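Have a look at model.cif; it's mmCIF, C-alpha atoms:
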```
data_upload
#
loop_
_atom_site.label_atom_id
_atom_site.label_comp_id
_atom_site.auth_asym_id
_atom_site.auth_seq_id
_atom_site.Cartn_x
_atom_site.Cartn_y
_atom_site.Cartn_z
CA MET A 1 9.80 140.64 -28.37
CA PHE A 2 13.57 140.79 -28.91
CA ASP A 3 13.15 138.77 -32.12
CA ASP A 4 10.63 141.33 -33.37
CA VAL A 5 12.97 144.25 -32.58
CA ARG A 6 15.89 142.42 -34.18
CA GLU A 7 13.86 141.77 -37.35
CA ARG A 8 12.76 145.41 -37.57
CA LEU A 9 16.33 146.61 -37.09
CA GLY A 10 17.51 144.15 -39.73
CA ASN A 11 14.89 145.44 -42.17
CA PHE A 12 15.86 149.04 -41.43
CA PHE A 13 19.54 148.40 -42.07
CA ALA A 14 18.79 146.38 -45.23
CA VAL A 15 16.74 149.25 -46.68
CA ALA A 16 19.34 151.84 -45.58
CA ILE A 17 22.19 149.90 -47.19
CA ALA A 18 20.17 149.37 -50.39
CA THR A 19 19.37 153.11 -50.51
CA MET A 20 23.02 154.06 -50.06
CA CYS A 21 24.22 151.55 -52.68
CA ALA A 22 21.60 152.63 -55.24
CA GLY A 23 22.38 156.32 -54.62
CA LEU A 24 26.13 155.73 -54.79
CA LEU A 25 25.84 153.77 -58.04
CA ALA A 26 23.65 156.45 -59.64
CA HIS A 27 26.00 159.20 -58.39
CA VAL A 28 29.15 157.51 -59.72
CA VAL A 29 27.62 157.05 -63.19
CA PHE A 30 26.25 160.60 -63.15
CA VAL A 31 29.67 162.06 -62.25
CA ALA A 32 31.34 159.93 -64.93
CA THR A 33 28.94 161.18 -67.60
CA SER A 34 28.34 164.76 -66.36
CA GLU A 35 31.05 166.38 -68.50
CA ARG A 36 29.70 164.81 -71.67
CA ILE A 37 26.14 165.75 -70.70
CA ALA A 38 27.23 169.36 -70.06
CA THR A 39 28.87 169.50 -73.51
CA HIS A 40 25.63 168.31 -75.13
CA GLU A 41 23.61 170.86 -73.18
CA ARG A 42 25.94 173.72 -74.13
CA SER A 43 25.74 172.86 -77.83
CA LYS A 44 21.97 172.50 -77.56
CA ALA A 45 21.78 175.92 -75.85
CA ALA A 46 23.90 177.47 -78.62
CA ALA A 47 21.66 175.92 -81.29
CA ARG A 48 18.56 177.21 -79.51
CA LEU A 49 20.10 180.68 -79.24
CA ARG A 50 20.84 180.72 -82.97
CA ALA A 51 17.29 179.54 -83.71
CA ALA A 52 15.84 182.17 -81.35
CA ILE A 53 17.85 185.04 -82.81
CA GLY A 54 17.16 183.92 -86.39
CA GLU A 55 18.08 186.38 -89.11
CA ALA A 56 19.65 188.77 -86.61
CA ALA A 57 22.25 186.18 -85.57
CA ALA A 58 24.82 187.65 -87.99
CA SER A 59 24.46 191.15 -86.48
CA LEU A 60 25.36 190.00 -82.96
CA GLY A 61 29.05 189.84 -82.18
CA ASP A 62 30.68 188.04 -79.28
CA SER A 63 30.45 191.16 -77.09
CA ALA A 64 26.69 191.37 -77.72
CA ILE A 65 26.30 187.69 -76.79
CA ALA A 66 28.36 188.33 -73.64
CA ALA A 67 26.15 191.33 -72.81
CA LEU A 68 23.09 189.11 -73.28
CA ARG A 69 24.49 186.51 -70.93
CA ALA A 70 25.27 189.23 -68.40
CA GLY A 71 21.56 190.06 -68.28
CA ARG A 72 21.58 193.18 -70.46
CA ARG A 73 18.95 193.70 -73.12
CA VAL A 74 20.40 193.75 -76.62
CA PRO A 75 18.75 195.04 -79.81
CA ALA A 76 18.89 192.71 -82.80
CA CYS A 77 19.29 194.58 -86.09
CA ASP A 78 19.29 193.60 -89.74
CA GLU A 79 22.24 194.15 -92.11
CA GLY A 80 21.11 197.71 -92.85
CA GLY A 81 21.05 198.62 -89.16
CA ALA A 82 17.27 198.63 -88.85
CA PHE A 83 15.82 197.49 -85.55
CA LEU A 84 14.27 193.99 -85.64
CA HIS A 85 13.58 193.12 -82.03
CA SER A 86 15.03 193.20 -78.52
CA LEU A 87 16.60 190.18 -76.89
CA THR A 88 16.73 189.55 -73.16
CA TRP A 89 18.41 186.51 -71.63
CA VAL A 90 16.67 185.77 -68.33
CA GLN A 91 17.69 183.23 -65.71
CA THR A 92 14.97 181.84 -63.48
CA GLU A 93 14.30 178.70 -61.46
CA GLY A 94 12.45 175.78 -63.04
CA TYR A 95 11.41 172.45 -61.56
CA GLY A 96 14.75 170.76 -62.27
CA GLY A 97 17.00 173.74 -61.50
CA PRO A 98 18.21 176.88 -63.34
CA LEU A 99 16.16 177.72 -66.42
CA GLU A 100 17.62 180.15 -68.99
CA VAL A 101 15.14 181.76 -71.36
CA LEU A 102 15.65 184.14 -74.28
CA VAL A 103 12.72 186.56 -74.45
CA VAL A 104 12.20 188.31 -77.78
CA THR A 105 10.22 191.59 -77.65
CA ASP A 106 9.21 194.09 -80.35
CA HIS A 107 9.84 197.85 -80.25
CA ALA A 108 6.65 198.44 -78.22
CA GLY A 109 7.56 195.85 -75.62
CA GLY A 110 5.20 193.15 -76.88
CA VAL A 111 6.51 189.64 -76.36
CA ILE A 112 7.12 187.95 -79.71
CA ASP A 113 8.63 184.73 -78.43
CA ARG A 114 10.29 183.06 -75.45
CA ARG A 115 12.64 180.17 -75.96
CA PRO A 116 14.32 178.00 -73.32
CA ILE A 117 18.07 178.16 -73.99
CA ALA A 118 19.35 175.91 -71.20
CA HIS A 119 17.29 173.93 -68.76
CA ARG A 120 17.00 170.75 -66.71
CA GLU A 121 13.27 170.35 -67.22
CA THR A 122 11.55 167.29 -68.66
CA PRO A 123 11.71 167.86 -72.45
CA GLY A 124 8.03 167.10 -73.03
CA PHE A 125 6.95 169.61 -70.39
CA ILE A 126 9.08 172.46 -71.70
CA ASP A 127 7.62 172.05 -75.19
CA ALA A 128 3.97 171.94 -74.09
CA THR A 129 3.45 174.31 -71.19
CA THR A 130 -0.07 174.42 -69.82
CA GLY A 131 0.15 176.62 -66.73
CA ALA A 132 -0.09 173.63 -64.41
CA THR A 133 3.62 173.01 -63.95
CA VAL A 134 6.54 174.72 -62.28
CA THR A 135 8.15 174.91 -65.72
CA ALA A 136 5.27 176.98 -67.08
CA LYS A 137 5.40 179.36 -64.12
CA ALA A 138 9.16 179.74 -64.53
CA LEU A 139 8.71 180.63 -68.22
CA ALA A 140 6.03 183.18 -67.32
CA ASP A 141 8.37 184.63 -64.68
CA ALA A 142 11.12 184.96 -67.31
CA VAL A 143 8.78 186.91 -69.61
CA ARG A 144 7.72 189.16 -66.70
CA ARG A 145 11.35 189.94 -65.85
CA ALA A 146 12.13 190.71 -69.49
CA ARG A 147 9.18 193.12 -69.60
CA LEU A 148 10.46 194.83 -66.42
CA ALA A 149 13.81 195.31 -68.14
CA MET A 150 12.17 197.38 -70.90
CA PRO A 151 13.31 201.05 -71.04
CA PRO A 152 10.71 203.69 -70.14
CA HIS A 153 10.71 205.28 -73.61
CA GLY A 154 10.27 203.61 -76.99
CA ALA A 155 12.48 201.25 -78.87
CA ASP A 156 16.08 200.24 -78.50
CA ASN A 157 18.58 201.99 -80.70
CA CYS A 158 20.51 199.88 -83.17
CA ARG A 159 23.20 202.57 -83.48
CA ASP A 160 24.11 202.12 -79.82
CA ALA A 161 24.24 198.35 -80.09
CA ASP A 162 27.49 196.48 -79.67
CA PRO A 163 28.98 195.34 -82.97
CA MET B 1 -8.53 144.64 -62.48
CA PRO B 2 -6.71 141.49 -63.54
CA THR B 3 -6.27 138.68 -61.07
CA ARG B 4 -2.82 137.89 -59.69
CA ASN B 5 -2.45 134.86 -61.97
CA ASP B 6 -3.60 136.55 -65.16
CA ASP B 7 -0.13 136.96 -66.69
CA ARG B 8 -1.30 138.29 -70.06
CA ALA B 9 -3.26 141.11 -68.43
CA TRP B 10 -0.22 142.07 -66.33
CA VAL B 11 1.96 142.07 -69.46
CA LEU B 12 -0.52 144.43 -71.12
CA LEU B 13 -0.68 146.71 -68.08
CA GLY B 14 3.12 146.70 -67.81
CA PHE B 15 3.37 147.60 -71.47
CA CYS B 16 0.96 150.57 -71.25
CA PRO B 17 3.39 153.27 -69.92
CA MET B 18 5.82 152.43 -72.69
CA LEU B 19 3.27 152.58 -75.53
CA VAL B 20 3.16 156.35 -75.98
CA PRO B 21 6.87 157.20 -76.42
CA ALA B 22 7.54 154.25 -78.77
CA THR B 23 6.67 156.30 -81.86
CA SER B 24 9.51 154.95 -83.97
CA ALA B 25 11.91 152.03 -84.17
CA VAL B 26 14.71 154.13 -82.64
CA SER B 27 12.52 155.31 -79.70
CA GLY B 28 11.44 151.71 -79.10
CA LEU B 29 15.06 150.56 -79.29
CA GLY B 30 16.18 153.23 -76.80
CA LEU B 31 13.49 152.20 -74.32
CA ALA B 32 14.26 148.52 -74.98
CA LEU B 33 17.97 149.00 -74.24
CA THR B 34 17.15 150.94 -71.06
CA THR B 35 14.77 148.15 -70.00
CA CYS B 36 17.45 145.50 -70.62
CA VAL B 37 20.10 147.43 -68.64
CA VAL B 38 17.72 147.92 -65.70
CA MET B 39 16.59 144.30 -65.75
CA LEU B 40 20.00 142.67 -66.20
CA GLY B 41 21.68 144.92 -63.60
CA SER B 42 18.87 144.37 -61.10
CA VAL B 43 18.80 140.59 -61.66
CA ALA B 44 22.58 140.34 -61.19
CA THR B 45 22.48 142.44 -58.01
CA LEU B 46 19.46 140.69 -56.49
CA SER B 47 20.85 137.23 -57.24
CA VAL B 48 23.90 138.16 -55.13
CA VAL B 49 22.02 139.66 -52.17
CA ARG B 50 18.83 137.55 -52.25
CA GLY B 51 19.86 135.52 -49.20
CA ALA B 52 20.26 138.64 -47.08
CA ILE B 53 16.84 140.10 -47.89
CA THR B 54 14.06 139.20 -45.48
CA LYS B 55 10.43 139.11 -46.52
CA ALA B 56 9.30 142.49 -45.18
CA PRO B 57 11.33 145.09 -47.13
CA ARG B 58 11.96 143.11 -50.31
CA SER B 59 9.58 145.17 -52.45
CA ILE B 60 11.31 148.41 -51.34
CA ILE B 61 14.76 146.98 -51.94
CA VAL B 62 13.77 145.73 -55.41
CA LEU B 63 12.47 149.22 -56.24
CA LEU B 64 15.67 150.85 -54.96
CA VAL B 65 17.90 148.51 -56.96
CA ALA B 66 15.83 148.99 -60.15
CA GLY B 67 15.76 152.77 -59.54
CA GLY B 68 19.55 152.88 -59.16
CA PHE B 69 20.12 151.03 -62.43
CA CYS B 70 17.46 153.13 -64.16
CA ALA B 71 19.23 156.34 -63.09
CA CYS B 72 22.50 154.90 -64.47
CA ALA B 73 20.89 153.91 -67.77
CA VAL B 74 19.30 157.36 -68.15
CA SER B 75 22.64 159.11 -67.41
CA VAL B 76 24.43 156.97 -70.00
CA MET B 77 21.68 157.60 -72.56
CA ARG B 78 21.87 161.34 -71.84
CA ALA B 79 25.64 161.32 -72.32
CA PHE B 80 25.89 159.14 -75.42
CA ALA B 81 22.48 159.56 -77.11
CA PHE B 82 21.39 163.05 -76.06
CA GLY B 83 18.95 163.46 -78.96
CA LEU B 84 17.20 160.21 -78.15
CA TRP B 85 17.08 161.10 -74.44
CA GLU B 86 15.17 164.26 -75.37
CA HIS B 87 12.52 162.10 -77.01
CA VAL B 88 12.05 159.47 -74.30
CA ALA B 89 13.43 161.10 -71.13
CA LEU B 90 10.34 161.02 -68.94
CA TYR B 91 9.36 157.50 -69.95
CA ALA B 92 12.86 156.03 -69.61
CA GLN B 93 12.85 157.23 -65.99
CA ILE B 94 9.65 155.38 -65.09
CA ILE B 95 10.89 152.01 -66.32
CA ALA B 96 12.05 151.40 -62.72
CA VAL B 97 8.45 151.29 -61.51
CA ASN B 98 7.09 149.26 -64.41
CA ARG B 99 4.67 146.70 -62.92
CA LEU B 100 5.75 143.89 -65.24
CA LEU B 101 9.47 144.24 -64.49
CA HIS B 102 8.80 144.72 -60.79
CA THR B 103 6.83 141.46 -60.64
CA HIS B 104 9.70 139.53 -62.22
CA LEU B 105 12.29 141.18 -59.99
CA LEU B 106 10.25 140.28 -56.90
CA ARG B 107 10.52 136.63 -57.95
CA MET B 108 14.30 137.04 -57.72
CA VAL B 109 13.98 137.48 -53.95
CA SER B 110 11.30 134.83 -53.51
CA PRO B 111 11.95 131.19 -52.49
CA LEU B 112 12.06 130.22 -56.20
CA PRO B 113 15.41 128.79 -57.40
CA ALA B 114 17.71 131.72 -58.33
CA LEU B 115 18.62 130.39 -61.78
CA ARG B 116 15.00 129.82 -62.75
CA ALA B 117 13.90 133.25 -61.50
CA ALA B 118 16.84 134.96 -63.27
CA ALA B 119 16.15 133.14 -66.57
CA ASP B 120 12.47 134.01 -66.29
CA ALA B 121 13.23 137.70 -65.64
CA ILE B 122 15.81 137.99 -68.44
CA VAL B 123 13.59 136.24 -71.03
CA SER B 124 10.69 138.51 -70.05
CA ALA B 125 12.89 141.61 -70.36
CA LEU B 126 14.14 140.54 -73.79
CA MET B 127 10.59 139.79 -75.00
CA PHE B 128 9.40 143.13 -73.61
CA ALA B 129 12.32 144.90 -75.35
CA GLY B 130 11.64 143.12 -78.65
CA LEU B 131 7.97 144.03 -78.43
CA LEU B 132 8.85 147.73 -77.92
CA VAL B 133 11.08 147.77 -81.02
CA VAL B 134 8.48 145.99 -83.20
CA PHE B 135 5.68 148.21 -81.86
CA GLY B 136 7.73 151.37 -82.53
CA ALA B 137 8.61 150.16 -86.04
CA ILE B 138 4.95 149.43 -86.87
CA ARG B 139 3.84 152.88 -85.66
CA GLU B 140 6.67 154.56 -87.57
CA GLY B 141 5.96 152.57 -90.75
CA PHE B 142 2.24 153.30 -90.84
CA GLY B 143 2.28 156.67 -89.03
CA ARG B 144 5.21 158.36 -90.79
CA GLY B 145 5.82 156.18 -93.82
CA THR B 146 9.46 155.59 -92.90
CA LEU B 147 11.44 152.90 -91.15
CA PHE B 148 14.60 153.24 -89.02
CA ALA B 149 14.52 157.05 -89.32
CA GLY B 150 16.61 158.84 -86.68
CA MET B 151 18.90 155.86 -86.01
CA GLU B 152 21.76 158.38 -85.96
CA LEU B 153 20.50 159.49 -82.55
CA LEU B 154 21.66 156.13 -81.20
CA PHE B 155 24.35 154.86 -83.58
CA GLY B 156 26.02 158.06 -84.89
CA GLU B 157 25.84 159.94 -88.17
CA GLY B 158 26.60 156.85 -90.29
CA ALA B 159 23.29 155.31 -89.28
CA ALA B 160 21.32 158.10 -91.00
CA ALA B 161 21.63 156.02 -94.20
CA TRP B 162 19.60 153.19 -92.63
CA ARG B 163 16.43 155.22 -93.12
CA VAL B 164 13.95 153.51 -95.44
CA GLU B 165 11.23 155.53 -97.16
CA LEU B 166 8.06 153.43 -97.39
CA ALA B 167 5.20 155.78 -98.29
CA PRO B 168 5.55 159.13 -96.43
CA ASP B 169 2.74 160.68 -98.53
CA HIS B 170 0.25 158.02 -97.44
CA ALA B 171 1.15 157.93 -93.72
CA LEU B 172 -1.61 157.77 -91.11
CA ALA B 173 -0.34 160.48 -88.71
CA LEU B 174 -2.87 159.46 -86.03
CA LEU B 175 -0.75 156.40 -85.25
CA VAL B 176 2.18 158.45 -83.90
CA THR B 177 -0.06 160.35 -81.46
CA PRO B 178 -0.62 159.00 -77.91
CA ALA B 179 -4.16 157.94 -78.81
CA GLY B 180 -2.78 156.18 -81.89
CA ALA B 181 -0.53 154.08 -79.63
CA PHE B 182 -3.55 152.51 -77.93
CA LEU B 183 -5.39 152.10 -81.25
CA CYS B 184 -2.36 150.33 -82.68
CA ALA B 185 -2.07 148.12 -79.57
CA GLY B 186 -5.79 147.28 -79.84
CA VAL B 187 -5.48 146.27 -83.50
CA LEU B 188 -2.43 144.12 -82.75
CA LEU B 189 -4.24 142.41 -79.86
CA ALA B 190 -7.30 141.79 -82.07
CA CYS B 191 -5.03 140.27 -84.76
CA HIS B 192 -3.37 138.09 -82.12
CA ARG B 193 -6.75 136.87 -80.84
CA ALA B 194 -8.00 136.16 -84.36
CA VAL B 195 -4.88 134.14 -85.22
CA THR B 196 -5.10 132.22 -81.92
CA ALA B 197 -8.80 131.45 -82.45
CA ARG B 198 -8.17 130.25 -86.01
CA ARG B 199 -5.33 128.03 -84.82
CA ARG B 200 -7.55 126.51 -82.10
CA THR B 201 -10.32 125.85 -84.64
CA SER B 202 -7.92 124.11 -87.02
CA HIS B 203 -6.51 121.98 -84.17
CA ALA B 204 -10.05 121.02 -83.07
CA SER B 205 -11.02 119.97 -86.60
#
```
Could you write out this structure as structure tokens?
Amino acid sequence: MFDDVRERLGNFFAVAIATMCAGLLAHVVFVATSERIATHERSKAAARLRAAIGEAAASLGDSAIAALRAGRRVPACDEGGAFLHSLTWVQTEGYGGPLEVLVVTDHAGGVIDRRPIAHRETPGFIDATTGATVTAKALADAVRRARLAMPPHGADNCRDADP
Amino acid sequence: MPTRNDDRAWVLLGFCPMLVPATSAVSGLGLALTTCVVMLGSVATLSVVRGAITKAPRSIIVLLVAGGFCACAVSVMRAFAFGLWEHVALYAQIIAVNRLLHTHLLRMVSPLPALRAAADAIVSALMFAGLLVVFGAIREGFGRGTLFAGMELLFGEGAAAWRVELAPDHALALLVTPAGAFLCAGVLLACHRAVTARRRTSHAS
């Protein structure tokens, strides 16, 4: 009986030590590479933002980008000051953690596009959302929040937009 | 279901999860490198601790060791080949539970001589890695009409010049889809069987 207990205890400690060693190893490598990974993710987010804003990118100054990041809705205008679309940067929770989405809406509040700007989701899942994943629900939640942020009357005004 | 001793069937089953993401030579190479890191790290670790592992939890410990090295390999790939990681992220993470690698790693903690088990595991990993690169290159060549495209994802901007244009206008796009992966594998297996049968016939005569 004591041999059986001793063997079970031995197995338990072997598995516990292996778990701790594997976790420690993965953690050390993750910490060592996290800064570089964060740099890649920031540049990817910036590229996605530029792609999402498109032709209106030139009309948005740093203060407008900061306002976007602060959760305010910002109108994107062309060079002549005509309204193109509204941009809302929404933060929600995905499967892997925080999920930042840029929701593009037209003057009537219709959703034109929603693009993940920064995320920790599995890349294949974020590109092909089917409604069956947490990622898809998070994206839908981001669109819902952007719609709630719409003003009660009409379109945004380009004249009031930050330079 | 293949029998326990049917090695070729296990190789095929082990290869299946890696078929889909190997759409190009660079994707295959990324998965191959991840496989080699996981296998070599796990073999080295298990050869050190094999004496301390009793029979009961060895499968769990092998999985934990492989999982630890897989997490490391994925972190390194994410830091130094971010673009490639975006292509193969999900599949690189499941290398740790690949049936073929797991079988070889279990032999590391079996009564087999350590050197023999390690050599067996490393040779298998290298063959598996080579197969992934060749398979990816074949799919890229026939499916996209290029070869070594996107090598800059792994080797830096200078490697963009390695790209070879074969016949992009006559590419069979089906081959780079998930279904195309299994079609391609089926054709390769049929070719292998035909060559083996012809060789047997010539030996017999």
Using all atoms listed in the file: which of B:Val88, B:Thr23, B:Val74, B:Met18 has the shortest distance to B:Ala137: B:Thr23
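Each of A:Val143, A:Ile17, A:Leu49, A:Val29 was compared to chain B using all atoms listed in the file, and A:Val29 turns out to be the nearest.
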At most 9 Å to chain A: residues in chain B, all atoms listed in the file, as a PyMOL selection string: chain B and resi 52-58+60-62+64-73+75-76+78-80+82+85-90
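Across B:Tyr91, B:Phe155, B:Phe135, B:Phe182, the tightest approach to B:Ser24 is made by B:Phe135 when counting only C-alpha atoms.
Of the residues listed (B:Ile94, B:Ile138, B:Leu12, B:Val20), B:Val20 shows the shortest atom-to-atom separation from B:Ala181; distances use only C-alpha atoms.
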Computed interatomic separation between atom CA of A:Ala146 and atom CA of A:Tyr95 (Å): 19.9 Å
Residue IDs satisfying the PyMOL selection byres ((chain B and resi 98) around 9), as JSON, numbers by chain: {"B": [13, 14, 15, 17, 18, 94, 95, 96, 97, 99, 100, 101, 102, 103]}
Got time to write the residues from that selection, C-alpha atoms, as a CSV table (one decimal), in the coordinates of the input?
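Just written: selection09.csv:
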```
chain,number,residue,atom,x,y,z
B,13,LEU,CA,-0.7,146.7,-68.1
B,14,GLY,CA,3.1,146.7,-67.8
B,15,PHE,CA,3.4,147.6,-71.5
B,17,PRO,CA,3.4,153.3,-69.9
B,18,MET,CA,5.8,152.4,-72.7
B,94,ILE,CA,9.6,155.4,-65.1
B,95,ILE,CA,10.9,152.0,-66.3
B,96,ALA,CA,12.0,151.4,-62.7
B,97,VAL,CA,8.4,151.3,-61.5
B,99,ARG,CA,4.7,146.7,-62.9
B,100,LEU,CA,5.8,143.9,-65.2
B,101,LEU,CA,9.5,144.2,-64.5
B,102,HIS,CA,8.8,144.7,-60.8
B,103,THR,CA,6.8,141.5,-60.6
```
Output of the PyMOL selection byres ((chain A and resi 102-111) around 6), listed as a ChimeraX atom specification: /A:85-89,101,112-115,155
Best match for closeness to A:Arg42 among A:Leu139, A:Leu9, A:Ala118, A:Ala66, counting all atoms listed in the file: A:Ala118
Computed interatomic separation between atom CA of B:Leu188 and atom CA of B:Gln93 (Å):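 Separation between atom CA of B:Leu188 and atom CA of B:Gln93: 26.2 Å.
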One-decimal distance in Å that lies between atom CA of B:Leu115 and atom CA of B:Leu46: 11.6 Å
Neighbour list for B:Pro111 as JSON, numbers by chain, cut-off 10 Å, only C-alpha atoms, skip fewer than 5 positions in-chain: {"B": [50, 51, 117]}
For this file, the PyMOL selection byres ((chain B and resi 43) around 9) selects which residues, as a short mmCIF file (atom, residue, chain, number, x, y, z; two decimals) with C-alpha atoms, in the coordinates of the input?
```cif
data_model
loop_
_atom_site.label_atom_id
_atom_site.label_comp_id
_atom_site.auth_asym_id
_atom_site.auth_seq_id
_atom_site.Cartn_x
_atom_site.Cartn_y
_atom_site.Cartn_z
CA VAL B 38 17.72 147.92 -65.70
CA MET B 39 16.59 144.30 -65.75
CA LEU B 40 20.00 142.67 -66.20
CA GLY B 41 21.68 144.92 -63.60
CA SER B 42 18.87 144.37 -61.10
CA ALA B 44 22.58 140.34 -61.19
CA THR B 45 22.48 142.44 -58.01
CA LEU B 46 19.46 140.69 -56.49
CA SER B 47 20.85 137.23 -57.24
CA VAL B 48 23.90 138.16 -55.13
CA LEU B 105 12.29 141.18 -59.99
CA MET B 108 14.30 137.04 -57.72
CA ALA B 117 13.90 133.25 -61.50
CA ALA B 118 16.84 134.96 -63.27
CA ALA B 121 13.23 137.70 -65.64
CA ILE B 122 15.81 137.99 -68.44
#
```
Quick one: 8 Å padding each side, axis-aligned, all listed atoms of stretch 99-110 of chain B - centre and edge lengths in Å to one decimal, as JSON?
```
{"center_x": 9.5, "center_y": 140.8, "center_z": -59.4, "size_x": 25.6, "size_y": 27.9, "size_z": 27.7}
```
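Residue nearest A:His119 within the list A:Pro98, A:Gly80, A:Val90, A:Ala140: A:Pro98 [criterion: smallest interatomic distance, all atoms listed in the file].
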Residue contacts of stretch 164-176 of chain B (10 Å, only C-alpha atoms) excluding same-chain residues fewer than 2 positions away, as number ranges by chain: B: 20-24, 136, 138-149, 160-162, 178-184
Restricting the output to C-alpha atoms, write the selected residues as a short mmCIF file (atom, residue, chain, number, x, y, z; two decimals), in the coordinates of the input.
```cif
data_model
loop_
_atom_site.label_atom_id
_atom_site.label_comp_id
_atom_site.auth_asym_id
_atom_site.auth_seq_id
_atom_site.Cartn_x
_atom_site.Cartn_y
_atom_site.Cartn_z
CA VAL B 20 3.16 156.35 -75.98
CA PRO B 21 6.87 157.20 -76.42
CA ALA B 22 7.54 154.25 -78.77
CA THR B 23 6.67 156.30 -81.86
CA SER B 24 9.51 154.95 -83.97
CA GLY B 136 7.73 151.37 -82.53
CA ILE B 138 4.95 149.43 -86.87
CA ARG B 139 3.84 152.88 -85.66
CA GLU B 140 6.67 154.56 -87.57
CA GLY B 141 5.96 152.57 -90.75
CA PHE B 142 2.24 153.30 -90.84
CA GLY B 143 2.28 156.67 -89.03
CA ARG B 144 5.21 158.36 -90.79
CA GLY B 145 5.82 156.18 -93.82
CA THR B 146 9.46 155.59 -92.90
CA LEU B 147 11.44 152.90 -91.15
CA PHE B 148 14.60 153.24 -89.02
CA ALA B 149 14.52 157.05 -89.32
CA ALA B 160 21.32 158.10 -91.00
CA ALA B 161 21.63 156.02 -94.20
CA TRP B 162 19.60 153.19 -92.63
CA PRO B 178 -0.62 159.00 -77.91
CA ALA B 179 -4.16 157.94 -78.81
CA GLY B 180 -2.78 156.18 -81.89
CA ALA B 181 -0.53 154.08 -79.63
CA PHE B 182 -3.55 152.51 -77.93
CA LEU B 183 -5.39 152.10 -81.25
CA CYS B 184 -2.36 150.33 -82.68
#
```
Spatial neighbours of B:Val26, 7 Å, only C-alpha atoms, chain gap at least 2 places, as an MDAnalysis selection string: chainID B and resid 24 28:30 148 150:151
Shell around A:Leu99 at 8 Å using only C-alpha atoms, local window under 4 positions removed, as JSON, numbers by chain: {"A": [91, 92, 93, 94, 116, 117, 118, 119, 120, 121, 138]}
Atoms are missing here; could stretch 27-39 of chain B be completed with N, CA and C atoms and written as a PDB file, keeping the file's coordinate frame?
```
ATOM      1  N   SER B  27      13.046 155.046 -81.053  1.00  0.00           N
ATOM      2  CA  SER B  27      12.520 155.310 -79.700  1.00  0.00           C
ATOM      3  C   SER B  27      12.295 153.981 -78.976  1.00  0.00           C
ATOM      4  N   GLY B  28      11.685 153.023 -79.693  1.00  0.00           N
ATOM      5  CA  GLY B  28      11.440 151.710 -79.100  1.00  0.00           C
ATOM      6  C   GLY B  28      12.742 151.031 -78.710  1.00  0.00           C
ATOM      7  N   LEU B  29      13.765 151.179 -79.578  1.00  0.00           N
ATOM      8  CA  LEU B  29      15.060 150.560 -79.290  1.00  0.00           C
ATOM      9  C   LEU B  29      15.722 151.206 -78.075  1.00  0.00           C
ATOM     10  N   GLY B  30      15.612 152.532 -77.964  1.00  0.00           N
ATOM     11  CA  GLY B  30      16.180 153.230 -76.800  1.00  0.00           C
ATOM     12  C   GLY B  30      15.531 152.761 -75.510  1.00  0.00           C
ATOM     13  N   LEU B  31      14.206 152.665 -75.518  1.00  0.00           N
ATOM     14  CA  LEU B  31      13.490 152.200 -74.320  1.00  0.00           C
ATOM     15  C   LEU B  31      13.811 150.728 -74.047  1.00  0.00           C
ATOM     16  N   ALA B  32      13.958 149.946 -75.139  1.00  0.00           N
ATOM     17  CA  ALA B  32      14.260 148.520 -74.980  1.00  0.00           C
ATOM     18  C   ALA B  32      15.635 148.336 -74.338  1.00  0.00           C
ATOM     19  N   LEU B  33      16.615 149.115 -74.798  1.00  0.00           N
ATOM     20  CA  LEU B  33      17.970 149.000 -74.240  1.00  0.00           C
ATOM     21  C   LEU B  33      17.970 149.410 -72.767  1.00  0.00           C
ATOM     22  N   THR B  34      17.237 150.492 -72.458  1.00  0.00           N
ATOM     23  CA  THR B  34      17.150 150.940 -71.060  1.00  0.00           C
ATOM     24  C   THR B  34      16.518 149.838 -70.206  1.00  0.00           C
ATOM     25  N   THR B  35      15.447 149.236 -70.724  1.00  0.00           N
ATOM     26  CA  THR B  35      14.770 148.150 -70.000  1.00  0.00           C
ATOM     27  C   THR B  35      15.743 147.002 -69.735  1.00  0.00           C
ATOM     28  N   CYS B  36      16.523 146.626 -70.770  1.00  0.00           N
ATOM     29  CA  CYS B  36      17.450 145.500 -70.620  1.00  0.00           C
ATOM     30  C   CYS B  36      18.531 145.808 -69.585  1.00  0.00           C
ATOM     31  N   VAL B  37      19.051 147.052 -69.619  1.00  0.00           N
ATOM     32  CA  VAL B  37      20.100 147.430 -68.640  1.00  0.00           C
ATOM     33  C   VAL B  37      19.540 147.356 -67.223  1.00  0.00           C
ATOM     34  N   VAL B  38      18.339 147.917 -67.034  1.00  0.00           N
ATOM     35  CA  VAL B  38      17.720 147.920 -65.700  1.00  0.00           C
ATOM     36  C   VAL B  38      17.479 146.487 -65.232  1.00  0.00           C
ATOM     37  N   MET B  39      16.949 145.668 -66.126  1.00  0.00           N
ATOM     38  CA  MET B  39      16.590 144.300 -65.750  1.00  0.00           C
ATOM     39  C   MET B  39      17.827 143.449 -65.473  1.00  0.00           C
TER      40      MET B  39
END
```
